[in-house]
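Report on one structure; see the data block that follows.
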Amino acid sequence: MIGERRAAASRPPMGWNSWDCFGSSVTEAEVLANAEYAAEHLLAFGWDTIVVDIQWYEPDPGAHDYREVSRPLLDAWGRPLPAPGRFPSAAGGSFRPLADRVHELGLRFGVHLMRGVPRAAADAGLPVSGHPDATCDSIADRANVCVWNPDNYGVDMTAPGAQDYYDSVMAQLAAWEVDFVKLDDVLYPPVETAEIAAISRAIDRSGRPMVLSLSPGKRLSLAHLDALREHGQMWRISDDFWDDWTQVVEQFQRAARWAPFQMRGAWADADMLPFGRIGVRGHVGEDRLSRLSVEEQRTVMTLWSMMRSPLMMGGHLPDTPPETLALLRNRGVLALRDGEESREIVRDGHLVIWSARVGARAYRAVFWLGDDEQEVIVHLADLGLAGTGTAGACTDVWSGKSVEIADGRVMLTVPAHGTRLLVFD
């Protein structure tokens, strides 16, 4: 089954996630509005996954922060159920009707899941499905809890019934025909290796090849690479990424560290794209259009695409400005999902250059992180393209316009906080 999961993520996954715009309080109507928009405007470009983020099991999650005491809706076995007040089609205790609607649109359906067992289930001593003697209390590791979310206790994987509990949760998601699981509080640090492995096993035992995405990635070390590849199809390399230019600059060093290790079915993830309308009921900032300028958004899209990060749009899609929609629909940029040999080749002050290859085509991204527009002369030899000379063709991928090659170099005007993405044929 792990092979099928990797096949389902053979390219970096792309889609929409509810977190940046609706935080923990997204509703079914909002999910469907974004799914319908994605199907009409983005599916043809590869954006095919819709993810319901955190606390879909909370009837009253709060609008801008987590409540001190979690009051999840649970079944008799301590497994979370979607709150029907927010998801009316789940009145029968299942996300299957919503998943069916998303699938009818030609899209995949995903849900967020916190690591662990719900505190309410442990405190009530609910039984564990599949184990005659275990309870949610007996498997709970009360000393291992999330520092930023009150929902769950960790699971003691040495306790009888611990694997059974995770098996039952993943079996339930499989019955709902979930395609994608965003597993949270496993990489914060410390990396919760035992629980990651248990959930990966549980997915395989469910019989449904659900893609496993691991979060949130704070201070994530390459020392975990083998285990991440063994169990996950994507893993975050940063804490939550927001519409702040200083965070964009910081993400460059993470992208450079992880890009050489990207492989099909196992992707380092630079996090969601905080583009368009975000913060509608989010946990960070007010209801707003992204504070990243169009040039800064273009820089983010270019860096994420060059490193072959998964692409998950965070804004409320029906309110996406046309200039942002155009960034999401550029086929030349999205072709980098099939790239190889992605890496940073120059970093000197505000100048950063990346290289990648897609088939016989050589891509080079020239970034200028400074606050003013810059004229940059780039020699082909420094791009690893010394043999191109003056005969080769060079195109700016974003604009589609030809770029002149003269005397073995190209002369570029790069906007402040911007990029020029070049492809050489």
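Chain labels run A, B, ... following the order of the structure tokens; each chain numbers its residues from 1, and ligands are numbered from 1 in the order shown.
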
**Long-range neighbours of Ala44 (chain A) as a list in words, 12 Å cut-off, only C-alpha atoms, 6 positions minimum in chain** = Met14, Gly15, Tyr37, Ala38, Leu105, Gly106, Leu107, Leu328, Arg329, Asn330, Arg331 and Leu334 of chain A

Keeping N, CA and C atoms, export the residues of the selection given above as a PDB file, in the first residue's frame.
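Output file out.pdb follows:
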```
ATOM      1  N   MET A  14      -1.108  19.239  -5.283  1.00  0.00           N
ATOM      2  CA  MET A  14      -1.595  20.605  -5.452  1.00  0.00           C
ATOM      3  C   MET A  14      -3.065  20.671  -5.067  1.00  0.00           C
ATOM      4  N   GLY A  15      -3.461  21.773  -4.455  1.00  0.00           N
ATOM      5  CA  GLY A  15      -4.868  21.907  -4.117  1.00  0.00           C
ATOM      6  C   GLY A  15      -5.148  23.133  -3.280  1.00  0.00           C
ATOM      7  N   TYR A  37     -15.133  26.249  -7.283  1.00  0.00           N
ATOM      8  CA  TYR A  37     -14.262  27.196  -7.976  1.00  0.00           C
ATOM      9  C   TYR A  37     -13.021  26.485  -8.502  1.00  0.00           C
ATOM     10  N   ALA A  38     -12.431  25.617  -7.652  1.00  0.00           N
ATOM     11  CA  ALA A  38     -11.241  24.881  -8.074  1.00  0.00           C
ATOM     12  C   ALA A  38     -11.541  24.014  -9.289  1.00  0.00           C
ATOM     13  N   LEU A 105     -16.898  16.397  -8.487  1.00  0.00           N
ATOM     14  CA  LEU A 105     -16.297  17.532  -9.175  1.00  0.00           C
ATOM     15  C   LEU A 105     -14.961  17.175  -9.819  1.00  0.00           C
ATOM     16  N   GLY A 106     -14.533  15.916  -9.650  1.00  0.00           N
ATOM     17  CA  GLY A 106     -13.259  15.483 -10.213  1.00  0.00           C
ATOM     18  C   GLY A 106     -12.071  15.754  -9.314  1.00  0.00           C
ATOM     19  N   LEU A 107     -12.350  16.054  -8.040  1.00  0.00           N
ATOM     20  CA  LEU A 107     -11.312  16.432  -7.089  1.00  0.00           C
ATOM     21  C   LEU A 107     -11.114  15.351  -6.037  1.00  0.00           C
ATOM     22  N   LEU A 328      -1.399  31.155 -10.622  1.00  0.00           N
ATOM     23  CA  LEU A 328      -1.704  29.753 -10.335  1.00  0.00           C
ATOM     24  C   LEU A 328      -1.929  28.931 -11.599  1.00  0.00           C
ATOM     25  N   ARG A 329      -2.078  29.605 -12.735  1.00  0.00           N
ATOM     26  CA  ARG A 329      -2.454  28.925 -13.978  1.00  0.00           C
ATOM     27  C   ARG A 329      -1.371  28.994 -15.054  1.00  0.00           C
ATOM     28  N   ASN A 330      -0.149  29.337 -14.685  1.00  0.00           N
ATOM     29  CA  ASN A 330       0.921  29.431 -15.671  1.00  0.00           C
ATOM     30  C   ASN A 330       1.508  28.035 -15.906  1.00  0.00           C
ATOM     31  N   ARG A 331       1.214  27.455 -17.054  1.00  0.00           N
ATOM     32  CA  ARG A 331       1.620  26.071 -17.322  1.00  0.00           C
ATOM     33  C   ARG A 331       3.139  25.925 -17.389  1.00  0.00           C
ATOM     34  N   LEU A 334       4.238  25.625 -13.790  1.00  0.00           N
ATOM     35  CA  LEU A 334       3.768  24.367 -13.198  1.00  0.00           C
ATOM     36  C   LEU A 334       4.455  23.150 -13.815  1.00  0.00           C
TER      37      LEU A 334
END
```

**Request:** Fewer than 6 positions away in the same chain doesn't count, so skip those; otherwise give me all residues within 6 Å of region 220-233 of chain A, counting only C-alpha atoms, as a list in words.
**Result:**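 In the requested form, the answer reads Ser200, Leu212, Gly265 and Ala266 of chain A.
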
**Message:** Would you pick out the contacts of Ser206 (chain A) at 9 Å or less, using only C-alpha atoms, so that residues sharing its chain but fewer than 6 positions from it are not included, and give the list as a list in words?
**Reply:** Asp167, Ser168, Met170, Ala171, Gln172, Leu173, Ala174 and Ala175 of chain A

**Message:** What's around Trp398 (chain A) at 9 Å? Count only C-alpha atoms, leave out sequence neighbours fewer than 6 positions away in its own chain, and write the answer as a VMD selection string.
**Reply:** chain A and resid 298 327 330 332 to 333 420 to 422

**Prompt:** Using only C-alpha atoms, which of A:Glu68, A:Glu28, A:Asp240, A:Asp338 sits nearest Ser10 (chain A)?
**Reply:**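 Closest to Ser10 (chain A) of all the choices is A:Asp338.
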
**Contacts of Ala122 (chain A) at 10 Å (only C-alpha atoms; same-chain gap of 3+ positions) as number ranges by chain** = A: 78, 117-119, 125-127, 135-142, 152-153

Write the residues you've just listed into a file as a PDB file, in the first residue's frame, and include C-alpha atoms for each of them.
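The new file out.pdb reads:
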```
ATOM      1  CA  GLY A  78     -13.322   7.899  20.767  1.00  0.00           C
ATOM      2  CA  VAL A 117      -6.294  10.486  21.153  1.00  0.00           C
ATOM      3  CA  PRO A 118      -8.929  13.104  22.053  1.00  0.00           C
ATOM      4  CA  ARG A 119      -8.671  14.241  25.667  1.00  0.00           C
ATOM      5  CA  GLY A 125     -12.506   6.043  29.289  1.00  0.00           C
ATOM      6  CA  LEU A 126     -14.108   5.161  25.945  1.00  0.00           C
ATOM      7  CA  PRO A 127     -13.175   1.722  24.568  1.00  0.00           C
ATOM      8  CA  THR A 135      -9.495   2.159  26.515  1.00  0.00           C
ATOM      9  CA  CYS A 136      -8.672   5.594  25.216  1.00  0.00           C
ATOM     10  CA  ASP A 137      -7.455   6.361  28.728  1.00  0.00           C
ATOM     11  CA  SER A 138      -5.095   3.351  28.857  1.00  0.00           C
ATOM     12  CA  ILE A 139      -3.369   4.329  25.601  1.00  0.00           C
ATOM     13  CA  ALA A 140      -3.149   8.048  26.362  1.00  0.00           C
ATOM     14  CA  ASP A 141       0.256   9.601  27.064  1.00  0.00           C
ATOM     15  CA  ARG A 142      -0.887  12.533  29.179  1.00  0.00           C
ATOM     16  CA  ASN A 152      -5.553  15.538  22.198  1.00  0.00           C
ATOM     17  CA  TYR A 153      -3.178  13.585  24.402  1.00  0.00           C
TER      18      TYR A 153
END
```

**Request:** Would you please work out which residue, of A:Trp56, A:Phe45, A:Trp16, A:Phe95, is nearest to Ala335 (chain A) when using only C-alpha atoms?
**Result:**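 Closest to Ala335 (chain A) of all the choices is A:Phe45.
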
**Prompt:** Using only C-alpha atoms, which of A:Pro415, A:Pro150, A:Gly276, A:Pro59 sits nearest Pro318 (chain A)?
**Reply:**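 That would be A:Gly276, the residue with the smallest distance to Pro318 (chain A).
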
Extract, using only C-alpha atoms, all DNA, RNA and protein residues at most 7 Å from Pro216 (chain A), discarding same-chain residues fewer than 3 positions from it, and format them as a short mmCIF file (atom, residue, chain, number, x, y, z; two decimals) with N, CA and C atoms, in the first residue's frame.
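Writing done, so here's selection_6.cif:
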```cif
data_model
loop_
_atom_site.label_atom_id
_atom_site.label_comp_id
_atom_site.auth_asym_id
_atom_site.auth_seq_id
_atom_site.Cartn_x
_atom_site.Cartn_y
_atom_site.Cartn_z
N ASP A 184 -1.09 16.54 11.97
CA ASP A 184 -0.47 17.69 12.65
C ASP A 184 0.16 17.28 13.98
N ASP A 185 1.06 18.16 14.46
CA ASP A 185 1.77 18.01 15.73
C ASP A 185 2.67 16.78 15.75
N LEU A 187 5.94 17.07 13.93
CA LEU A 187 7.28 17.51 13.54
C LEU A 187 7.68 18.79 14.25
N TYR A 188 7.27 18.99 15.51
CA TYR A 188 7.27 20.36 16.03
C TYR A 188 8.60 20.98 16.45
N ARG A 236 6.25 19.07 6.06
CA ARG A 236 6.53 20.49 6.16
C ARG A 236 7.96 20.73 6.62
N SER A 238 8.79 23.97 7.60
CA SER A 238 8.73 25.21 8.37
C SER A 238 7.47 25.20 9.22
N ASP A 239 7.45 26.11 10.19
CA ASP A 239 6.21 26.41 10.89
C ASP A 239 5.27 27.09 9.90
N ASP A 240 4.09 27.49 10.35
CA ASP A 240 3.12 28.10 9.45
C ASP A 240 3.74 29.28 8.69
#
```

**Prompt:** Residues at most 10 Å from Trp354 (chain A), counting only C-alpha atoms, excluding those fewer than 4 positions away in the same chain, as a count of residues only?
**Reply:** 18

**Message:** For a test of reading the model, state the distance in Å between CA of Ala202 (chain A) and CA of Arg219 (chain A), rounded to one decimal.
**Reply:**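 Pair CA of Ala202 (chain A) / CA of Arg219 (chain A) returns 26.8 Å.
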
**Request:** Please report, as a ChimeraX atom specification, each residue of region 379-420 of chain A to which DSSP assigns helix (DSSP H, G or I) when run on this structure's backbone.
**Result:** /A:380-383,386-388

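Of the residues under consideration (A:Val352, A:Val284, A:Ala162, A:Val181), A:Ala162 shows the shortest atom-to-atom contact distance to Gly130 (chain A) when counting only C-alpha atoms.
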
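Interatomic distance, CA of Gly92 (chain A) to CA of Phe22 (chain A): 24.1 Å.
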
**Asked** Which residue gives the smallest distance to Asp271 (chain A) among A:Arg254, A:Arg357, A:Arg67, A:Arg291, with only C-alpha atoms counted?
**Response**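 Distance minimum relative to Asp271 (chain A) lands on A:Arg254.
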